[in-house]
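Chemist: Sharing coords_0.pdb (PDB, C-alpha atoms) below.
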```pdb
ATOM      1  CA  MET A 111     -25.218   7.116  -7.403
ATOM      2  CA  GLN A 112     -28.105   6.939  -9.801
ATOM      3  CA  LEU A 113     -29.596   3.882 -11.422
ATOM      4  CA  SER A 114     -28.488   5.121 -14.853
ATOM      5  CA  ASP A 115     -24.864   5.143 -13.623
ATOM      6  CA  PHE A 116     -25.239   1.489 -12.708
ATOM      7  CA  PHE A 117     -26.369   0.472 -16.194
ATOM      8  CA  SER A 118     -24.049   2.761 -18.182
ATOM      9  CA  PHE A 119     -20.809   1.696 -16.456
ATOM     10  CA  GLU A 120     -19.774   5.370 -16.176
ATOM     11  CA  ARG A 121     -19.287   4.920 -12.439
ATOM     12  CA  LEU A 122     -17.904   1.615 -11.216
ATOM     13  CA  ILE A 123     -19.013  -0.059  -7.996
ATOM     14  CA  THR A 124     -16.056  -2.415  -7.767
ATOM     15  CA  PRO A 125     -13.824  -0.098  -5.644
ATOM     16  CA  SER A 126     -16.505  -0.125  -2.945
ATOM     17  CA  VAL A 127     -16.860  -3.894  -3.210
ATOM     18  CA  ILE A 128     -13.073  -4.309  -3.003
ATOM     19  CA  LYS A 129     -13.023  -2.481   0.334
ATOM     20  CA  ILE A 130     -15.630  -4.876   1.734
ATOM     21  CA  VAL A 131     -13.772  -7.907   0.340
ATOM     22  CA  TYR A 132     -10.540  -6.521   1.816
ATOM     23  CA  TRP A 133     -11.960  -6.456   5.350
ATOM     24  CA  LEU A 134     -13.503  -9.900   4.952
ATOM     25  CA  GLY A 135     -10.142 -11.215   3.729
ATOM     26  CA  ILE A 136      -8.363  -9.616   6.690
ATOM     27  CA  ALA A 137     -10.764 -11.344   9.084
ATOM     28  CA  VAL A 138     -10.284 -14.727   7.400
ATOM     29  CA  LEU A 139      -6.493 -14.349   7.285
ATOM     30  CA  LEU A 140      -6.379 -13.358  10.946
ATOM     31  CA  VAL A 141      -8.467 -16.352  12.002
ATOM     32  CA  PHE A 142      -6.328 -18.755   9.970
ATOM     33  CA  GLY A 143      -3.138 -17.045  11.136
ATOM     34  CA  VAL A 144      -4.001 -17.333  14.809
ATOM     35  CA  ALA A 145      -5.214 -20.904  14.332
ATOM     36  CA  SER A 146      -2.040 -21.930  12.520
ATOM     37  CA  PHE A 147       0.076 -20.229  15.196
ATOM     38  CA  PHE A 148      -1.601 -22.220  17.954
ATOM     39  CA  MET A 149      -1.488 -25.415  15.912
ATOM     40  CA  GLY A 150       2.238 -24.882  15.487
ATOM     41  CA  LEU A 151       2.603 -24.390  19.233
ATOM     42  CA  LEU A 152       0.473 -27.446  19.988
ATOM     43  CA  SER A 153       2.665 -29.532  17.721
ATOM     44  CA  GLY A 154       5.407 -28.934  20.263
ATOM     45  CA  SER A 155       7.521 -26.552  18.215
ATOM     46  CA  LEU A 156       7.815 -22.868  18.983
ATOM     47  CA  GLY A 157       9.603 -22.413  15.644
ATOM     48  CA  ALA A 158       6.627 -23.781  13.707
ATOM     49  CA  GLY A 159       4.299 -21.421  15.539
ATOM     50  CA  LEU A 160       6.514 -18.424  14.879
ATOM     51  CA  LEU A 161       6.983 -19.424  11.251
ATOM     52  CA  SER A 162       3.227 -19.605  10.756
ATOM     53  CA  LEU A 163       2.892 -16.215  12.444
ATOM     54  CA  VAL A 164       5.454 -14.683  10.068
ATOM     55  CA  GLY A 165       3.683 -16.331   7.122
ATOM     56  CA  SER A 166       0.388 -14.863   8.288
ATOM     57  CA  VAL A 167       1.842 -11.366   8.516
ATOM     58  CA  LEU A 168       3.278 -11.722   5.009
ATOM     59  CA  GLY A 169      -0.086 -12.993   3.792
ATOM     60  CA  LEU A 170      -1.805  -9.942   5.269
ATOM     61  CA  LEU A 171       0.717  -7.678   3.566
ATOM     62  CA  LEU A 172       0.257  -9.429   0.226
ATOM     63  CA  TRP A 173      -3.535  -9.218   0.570
ATOM     64  CA  ARG A 174      -3.280  -5.456   1.183
ATOM     65  CA  VAL A 175      -1.036  -4.971  -1.858
ATOM     66  CA  MET A 176      -3.383  -6.972  -4.106
ATOM     67  CA  CYS A 177      -6.450  -5.010  -3.006
ATOM     68  CA  GLU A 178      -4.621  -1.702  -3.428
ATOM     69  CA  LEU A 179      -3.585  -2.753  -6.922
ATOM     70  CA  TYR A 180      -7.198  -3.362  -7.893
ATOM     71  CA  ILE A 181      -8.247   0.001  -6.441
ATOM     72  CA  VAL A 182      -5.448   1.751  -8.367
ATOM     73  CA  ILE A 183      -6.548   0.102 -11.616
ATOM     74  CA  PHE A 184     -10.143   1.227 -11.151
ATOM     75  CA  GLY A 185      -8.909   4.672 -10.073
ATOM     76  CA  MET A 186      -7.040   4.929 -13.354
ATOM     77  CA  PHE A 187     -10.314   4.223 -15.167
ATOM     78  CA  ASP A 188     -11.987   7.094 -13.300
ATOM     79  CA  ARG A 189      -9.084   9.469 -14.016
ATOM     80  CA  LEU A 190      -9.078   8.575 -17.709
ATOM     81  CA  GLY A 191     -12.789   9.373 -17.825
ATOM     82  CA  GLN A 192     -12.109  12.756 -16.236
ATOM     83  CA  ILE A 193      -9.356  13.447 -18.767
ATOM     84  CA  ARG A 194     -11.679  12.433 -21.618
ATOM     85  CA  ASP A 195     -14.404  14.749 -20.320
ATOM     86  CA  GLY A 196     -11.934  17.605 -19.862
ATOM     87  CA  LEU A 197     -10.569  17.206 -23.375
ATOM     88  CA  SER A 198     -14.037  17.119 -24.916
ATOM     89  CA  GLN A 199     -14.971  20.322 -23.051
ATOM     90  CA  GLN A 200     -11.724  21.925 -24.153
ATOM     91  CA  GLN A 201     -12.325  20.981 -27.793
ATOM     92  CA  ARG A 202     -15.822  22.463 -27.682
ATOM     93  CA  GLY A 203     -14.345  25.733 -26.450
ATOM     94  CA  TYR A 204     -12.009  26.118 -29.419
ATOM     95  CA  ALA A 205     -13.229  27.337 -32.785
ATOM     96  CA  GLN A 206     -12.159  25.526 -35.907
ATOM     97  CA  PRO A 207      -9.040  27.143 -37.397
ATOM     98  CA  PRO A 208      -9.585  28.779 -40.793
ATOM     99  CA  LEU A 209      -8.349  26.863 -43.816
TER     100      LEU A 209
END
```
Can you present the structure in this file as structure tokens?
Modeler:
Amino acid sequence: MQLSDFFSFERLITPSVIKIVYWLGIAVLLVFGVASFFMGLLSGSLGAGLLSLVGSVLGLLLWRVMCELYIVIFGMFDRLGQIRDGLSQQQRGYAQPPL
């Protein structure tokens, strides 16, 4: 990645940042999930602990889906740029039709 790519927005850095944010989010969700599981158990209810565990697993799944959605959106931007570049190269290869 060159410095000119950074200023021209031709190559986006957000997909790389999303991967870092994803792992940080996983760590935070795991810590809160385990803590809420044990808090549910300490409250004297196994059901509350299991419910918080199920909620944590669903939260992890939702977090994964959200991060994948962002990566897909930025991937679409990259693919559209490739299509644009391919079409401009293709148009340069064709001669103008006679009138």
Chemist: Show which residues sit within 12 Å of A:Gln192, as a ChimeraX atom specification. Count all atoms listed in the file, and ignore same-chain residues fewer than 6 positions away.
Modeler: /A:120-121,185-186,198-199
Chemist: Quick check, in Å to one decimal: how far apart do atom CA of A:Lys129 and atom CA of A:Phe147 lie?
Modeler: 26.6 Å
Chemist: So which one's closest to A:Ser126, A:Ile193, A:Tyr180, A:Leu160, A:Gln201? Using all atoms listed in the file, please.
Modeler: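 The closest residue to A:Ser126 is A:Tyr180.
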Chemist: Quick check, in Å to one decimal: how far apart do atom CA of A:Thr124 and atom CA of A:Gly143 lie?
Modeler: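 Interatomic distance here is 27.2 Å.
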Chemist: What does the structure give for the distance between atom CA of A:Leu163 and atom CA of A:Val175, in Å to one decimal?
Modeler: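 Interatomic distance, atom CA of A:Leu163 to atom CA of A:Val175: 18.6 Å.
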Chemist: Near A:Met149, within 8 Å and counting all atoms listed in the file, which residues show up once chain neighbours fewer than 4 positions away are dropped, as number ranges by chain?
Modeler: A: 145, 153, 159
